[in-house]
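Asks: Input structure: work-v7.tsv, which contains TSV, C-alpha atoms.
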```
chain	number	residue	atom	x	y	z
H	254	MET	CA	34.55	-97.44	77.67
H	255	HIS	CA	35.36	-93.72	77.65
H	256	GLU	CA	39.05	-94.49	77.13
H	257	ALA	CA	38.23	-96.91	74.31
H	258	ILE	CA	36.09	-94.33	72.50
H	259	ASP	CA	38.70	-91.60	73.01
H	260	TRP	CA	41.35	-93.94	71.59
H	261	LEU	CA	39.17	-94.80	68.59
H	262	VAL	CA	38.43	-91.13	67.87
H	263	LYS	CA	42.16	-90.40	67.87
H	264	THR	CA	42.94	-93.55	65.85
H	265	ILE	CA	40.28	-92.89	63.22
H	266	GLY	CA	41.32	-89.24	63.09
H	267	ALA	CA	44.93	-90.26	62.49
H	268	MET	CA	44.31	-93.17	60.10
H	269	GLY	CA	41.35	-91.62	58.32
H	270	TYR	CA	39.15	-93.64	56.02
H	271	PRO	CA	41.56	-96.61	55.80
H	272	GLY	CA	41.26	-96.87	59.60
H	273	ILE	CA	37.47	-97.09	59.37
H	274	PHE	CA	37.76	-99.69	56.61
H	275	MET	CA	40.24	-101.79	58.59
H	276	LEU	CA	38.37	-101.64	61.91
H	277	MET	CA	35.04	-102.52	60.31
H	278	ALA	CA	36.63	-105.38	58.37
H	279	MET	CA	37.93	-106.71	61.68
H	280	GLU	CA	34.51	-106.15	63.30
H	281	SER	CA	32.78	-108.04	60.52
H	282	SER	CA	35.01	-111.08	60.85
H	283	VAL	CA	35.70	-112.92	64.10
H	284	ILE	CA	37.61	-110.13	65.86
H	285	PRO	CA	35.30	-108.66	68.53
H	286	ILE	CA	35.51	-104.93	67.81
H	287	PRO	CA	32.00	-103.50	68.33
H	288	SER	CA	30.82	-101.36	65.43
H	289	GLU	CA	29.16	-99.16	68.07
H	290	LEU	CA	32.67	-98.03	69.02
H	291	VAL	CA	33.88	-97.43	65.47
H	292	MET	CA	31.24	-95.62	63.43
H	293	PRO	CA	29.91	-93.05	65.97
H	294	PRO	CA	33.42	-91.54	66.40
H	295	ALA	CA	33.63	-91.32	62.59
H	296	GLY	CA	30.29	-89.52	62.60
H	297	TYR	CA	31.54	-87.14	65.27
H	298	LEU	CA	34.63	-86.36	63.19
H	299	ALA	CA	32.35	-85.74	60.20
H	300	GLN	CA	30.31	-83.30	62.28
H	301	GLN	CA	33.55	-81.53	63.16
H	302	GLY	CA	34.36	-81.19	59.48
H	303	GLN	CA	37.35	-83.55	59.64
H	304	MET	CA	35.64	-86.26	57.59
H	305	SER	CA	32.86	-86.79	55.08
H	306	ALA	CA	29.95	-88.76	56.52
H	307	PRO	CA	29.06	-90.45	53.16
H	308	LEU	CA	32.69	-91.50	52.64
H	309	ALA	CA	32.91	-92.80	56.22
H	310	ILE	CA	29.73	-94.82	55.64
H	311	LEU	CA	31.11	-96.15	52.35
H	312	CYS	CA	34.40	-97.22	53.96
H	313	GLY	CA	32.58	-98.80	56.90
H	314	THR	CA	30.23	-100.72	54.63
H	315	LEU	CA	33.01	-101.93	52.32
H	316	GLY	CA	35.08	-102.94	55.34
H	317	SER	CA	32.12	-104.96	56.61
H	318	LEU	CA	31.83	-106.69	53.25
H	319	ILE	CA	35.52	-107.60	53.14
H	320	GLY	CA	35.42	-108.95	56.69
H	321	ALA	CA	32.31	-110.94	55.85
H	322	TYR	CA	34.04	-112.43	52.81
H	323	ALA	CA	36.99	-113.50	54.97
H	324	ASN	CA	34.58	-115.64	56.98
H	325	TYR	CA	32.74	-116.75	53.86
H	326	PHE	CA	35.83	-118.08	52.10
H	327	ALA	CA	37.22	-119.63	55.29
H	328	ALA	CA	33.99	-121.58	55.71
H	329	ARG	CA	33.71	-122.36	52.01
H	330	PHE	CA	37.18	-123.78	51.44
H	331	LEU	CA	38.23	-124.88	54.94
H	332	GLY	CA	35.09	-125.41	57.00
H	333	ARG	CA	33.01	-127.43	54.56
H	334	PRO	CA	35.57	-130.23	54.01
H	335	LEU	CA	36.18	-130.44	57.77
H	336	VAL	CA	32.47	-130.63	58.55
H	337	LEU	CA	31.87	-133.34	55.97
H	338	LYS	CA	34.89	-135.34	57.12
H	339	TYR	CA	34.74	-134.97	60.90
H	340	GLY	CA	31.17	-133.83	61.55
H	341	LYS	CA	30.01	-137.36	62.33
H	342	TYR	CA	32.18	-137.33	65.45
H	343	VAL	CA	30.15	-134.42	66.87
H	344	LEU	CA	26.78	-135.75	65.67
H	345	ILE	CA	26.72	-133.66	62.48
H	346	THR	CA	25.87	-136.23	59.84
H	347	GLU	CA	25.85	-135.53	56.12
H	348	GLU	CA	22.04	-135.63	56.22
H	349	LYS	CA	21.86	-132.97	58.93
H	350	PHE	CA	24.40	-130.86	57.11
H	351	ALA	CA	22.40	-131.20	53.88
H	352	LYS	CA	19.26	-129.97	55.67
H	353	VAL	CA	21.06	-126.92	57.06
H	354	GLU	CA	22.63	-126.27	53.68
H	355	GLY	CA	19.27	-126.58	51.95
H	356	PHE	CA	17.64	-124.17	54.42
H	357	PHE	CA	20.29	-121.53	53.85
H	358	LEU	CA	20.14	-121.96	50.09
H	359	ARG	CA	16.38	-121.34	50.25
H	360	HIS	CA	16.46	-118.54	52.81
H	361	GLY	CA	20.01	-117.21	52.57
H	362	GLU	CA	19.01	-113.72	51.43
H	363	ILE	CA	16.78	-112.89	54.41
H	364	SER	CA	19.17	-114.67	56.80
H	365	THR	CA	22.16	-112.68	55.57
H	366	PHE	CA	20.31	-109.35	55.59
H	367	ILE	CA	18.83	-109.75	59.08
H	368	GLY	CA	22.04	-111.28	60.41
H	369	ARG	CA	24.03	-108.18	59.44
H	370	LEU	CA	21.76	-106.09	61.66
H	371	LEU	CA	22.08	-108.20	64.80
H	372	PRO	CA	24.91	-108.18	67.35
H	373	VAL	CA	27.02	-111.36	67.56
H	374	VAL	CA	25.08	-112.84	64.62
H	375	ARG	CA	26.71	-110.34	62.23
H	376	HIS	CA	30.10	-111.87	63.06
H	377	LEU	CA	28.90	-115.40	62.30
H	378	ILE	CA	26.28	-115.20	59.54
H	379	SER	CA	28.92	-115.40	56.79
H	380	LEU	CA	29.95	-118.87	57.98
H	381	PRO	CA	26.76	-120.73	56.98
H	382	ALA	CA	26.70	-118.68	53.78
H	383	GLY	CA	30.15	-120.00	52.93
H	384	LEU	CA	29.36	-123.54	54.01
H	385	SER	CA	26.27	-123.62	51.79
H	386	GLY	CA	28.06	-121.97	48.85
H	387	MET	CA	25.62	-119.06	48.65
H	388	ASN	CA	25.78	-117.14	45.37
H	389	HIS	CA	28.45	-114.41	45.56
H	390	VAL	CA	26.29	-111.68	44.03
H	391	ARG	CA	23.39	-112.32	46.39
H	392	PHE	CA	25.73	-112.63	49.37
H	393	SER	CA	27.40	-109.32	48.52
H	394	LEU	CA	24.09	-107.55	47.87
H	395	TYR	CA	22.40	-108.52	51.14
H	396	THR	CA	25.57	-108.09	53.17
H	397	VAL	CA	26.05	-104.57	51.83
H	398	LEU	CA	22.37	-103.76	52.35
H	399	GLY	CA	22.28	-104.90	55.98
H	400	ALA	CA	25.71	-103.58	56.90
H	401	GLY	CA	25.06	-100.28	55.12
H	402	ILE	CA	21.90	-99.63	57.12
H	403	TRP	CA	23.59	-100.34	60.45
H	404	VAL	CA	26.73	-98.37	59.60
H	405	THR	CA	24.62	-95.39	58.51
H	406	VAL	CA	22.58	-95.43	61.72
H	407	LEU	CA	25.70	-95.51	63.91
H	408	THR	CA	27.49	-92.82	61.89
H	409	TYR	CA	24.63	-90.36	62.22
H	410	ILE	CA	24.24	-91.12	65.92
H	411	GLY	CA	27.79	-89.86	66.32
H	412	TYR	CA	27.15	-86.99	63.90
H	413	PHE	CA	24.16	-85.56	65.75
H	414	ILE	CA	25.13	-86.43	69.33
H	415	GLY	CA	28.80	-85.49	69.15
H	416	SER	CA	31.43	-86.72	71.57
H	417	ASN	CA	29.14	-87.51	74.53
H	418	GLN	CA	30.05	-91.16	75.06
H	419	ASP	CA	27.17	-91.89	77.41
H	420	LEU	CA	24.61	-90.59	74.94
H	421	ILE	CA	26.29	-92.43	72.07
H	422	MET	CA	26.02	-95.76	73.86
H	423	ARG	CA	22.47	-95.01	75.04
H	424	TYR	CA	21.21	-94.14	71.57
H	425	SER	CA	23.14	-97.05	70.05
H	426	HIS	CA	21.22	-99.35	72.38
H	427	HIS	CA	17.96	-97.61	71.43
H	428	ALA	CA	18.81	-98.05	67.75
H	429	LEU	CA	19.56	-101.73	68.36
H	430	ALA	CA	16.20	-102.19	70.08
H	431	ILE	CA	14.43	-100.63	67.10
H	432	VAL	CA	16.43	-102.81	64.70
H	433	LEU	CA	15.45	-105.93	66.66
H	434	ILE	CA	11.77	-105.00	66.48
H	435	VAL	CA	11.92	-104.22	62.76
H	436	SER	CA	13.87	-107.44	62.12
H	437	ALA	CA	11.21	-109.44	63.97
H	438	LEU	CA	8.50	-107.81	61.84
H	439	ILE	CA	10.42	-108.51	58.62
H	440	ILE	CA	10.87	-112.17	59.60
H	441	THR	CA	7.17	-112.47	60.48
H	442	VAL	CA	6.12	-111.05	57.11
H	443	TYR	CA	8.66	-113.26	55.31
H	444	VAL	CA	7.39	-116.42	57.05
H	445	LYS	CA	3.78	-115.57	56.17
H	446	LEU	CA	4.68	-114.94	52.54
H	447	GLN	CA	6.59	-118.22	52.34
H	448	ARG	CA	3.64	-120.04	53.88
H	449	LYS	CA	1.24	-118.53	51.36
H	450	LYS	CA	3.63	-119.43	48.55
H	451	ARG	CA	3.74	-123.08	49.67
H	452	GLU	CA	-0.04	-123.21	50.01
H	453	SER	CA	-0.54	-121.76	46.52
H	454	GLN	CA	1.90	-124.28	45.07
H	455	LYS	CA	0.04	-127.13	46.78
H	456	SER	CA	-3.27	-125.91	45.37
H	457	LEU	CA	-1.78	-125.83	41.87
H	458	ASP	CA	-0.45	-129.37	42.27
```
Show me the file's structure as structure tokens.
Replies:
Amino acid sequence: MHEAIDWLVKTIGAMGYPGIFMLMAMESSVIPIPSELVMPPAGYLAQQGQMSAPLAILCGTLGSLIGAYANYFAARFLGRPLVLKYGKYVLITEEKFAKVEGFFLRHGEISTFIGRLLPVVRHLISLPAGLSGMNHVRFSLYTVLGAGIWVTVLTYIGYFIGSNQDLIMRYSHHALAIVLIVSALIITVYVKLQRKKRESQKSLD
């Protein structure tokens, strides 16, 4: 882990903002590069005066969006036809697919936003968005919002902690725990609001 972080600090220092953009684009797609190993070194370099923290955050967020769109378009133009054609062989009927698609079309915003904050899920959440044909503007907005929050948190962990790898990983885990709790609260509130909305609609009918 120490060697990986040292390598990333040197790589980001040498490649600059394009390096952050590229690594976060890879992290946001299916290539398993943890963002916890990319953005804290950028924050450390910003603290050393070798980078600008806002620009590093911007590049990391835009990289995340581009990586997410790679998955989105792959699912949209390649995955959907394959699922519809061959899904029946793995028990994914058109009816089941339509239900999943309908769910994401109704709740795609909250799913995309929360998904960008969660490990593993952030690599995959763009796939159902692409399969369901989620609106591009909404997909971009909630991807940028979720990714921007996480990138900012990691960048400033590196900025304030410095090059202490153990502390970076420890506080990254603490930040993740807080994000999980906040995400659970957001989902709880969202579910209650949706339930009230359905009940009010039934009363009107």
Asks: Between H:Arg375, H:Lys449, H:His426, H:Arg391, which residue has the minimum interatomic distance to Ser281 of chain H, considering all atoms listed in the file?
Replies: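 The shortest atom-to-atom distance to Ser281 of chain H comes from H:Arg375.
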Asks: With a distance cut-off of 12 Å and only C-alpha atoms, select the neighbouring residues of segment 434-441 of chain H, excluding the residue or stretch itself and same-chain residues fewer than 2 positions from it, and output the selection as a ChimeraX atom specification.
Replies: /H:360,362-371,399,427-432,443-448
Asks: Extract, using all atoms listed in the file, all DNA, RNA and protein residues at most 9 Å from Ser393 of chain H, discarding same-chain residues fewer than 6 positions from it, and format them as a PyMOL selection string.
Replies: chain H and resi 318+321-322
Asks: Tell me, in Å to one decimal, how far atom CA of Ile273 of chain H is from atom CA of Ala382 of chain H.
Replies: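 Atom-to-atom, atom CA of Ile273 of chain H to atom CA of Ala382 of chain H, that is 24.8 Å.
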Asks: Got a sec: who's within 8 Å of Leu315 of chain H, counting only C-alpha atoms, leaving out chain neighbours fewer than 4 positions off, as a PyMOL selection string?
Replies: chain H and resi 274+278+311+319+397
Asks: Atom CA of Pro307 of chain H to atom CA of Tyr409 of chain H: how many Å, to one decimal?
Replies: 10.1 Å
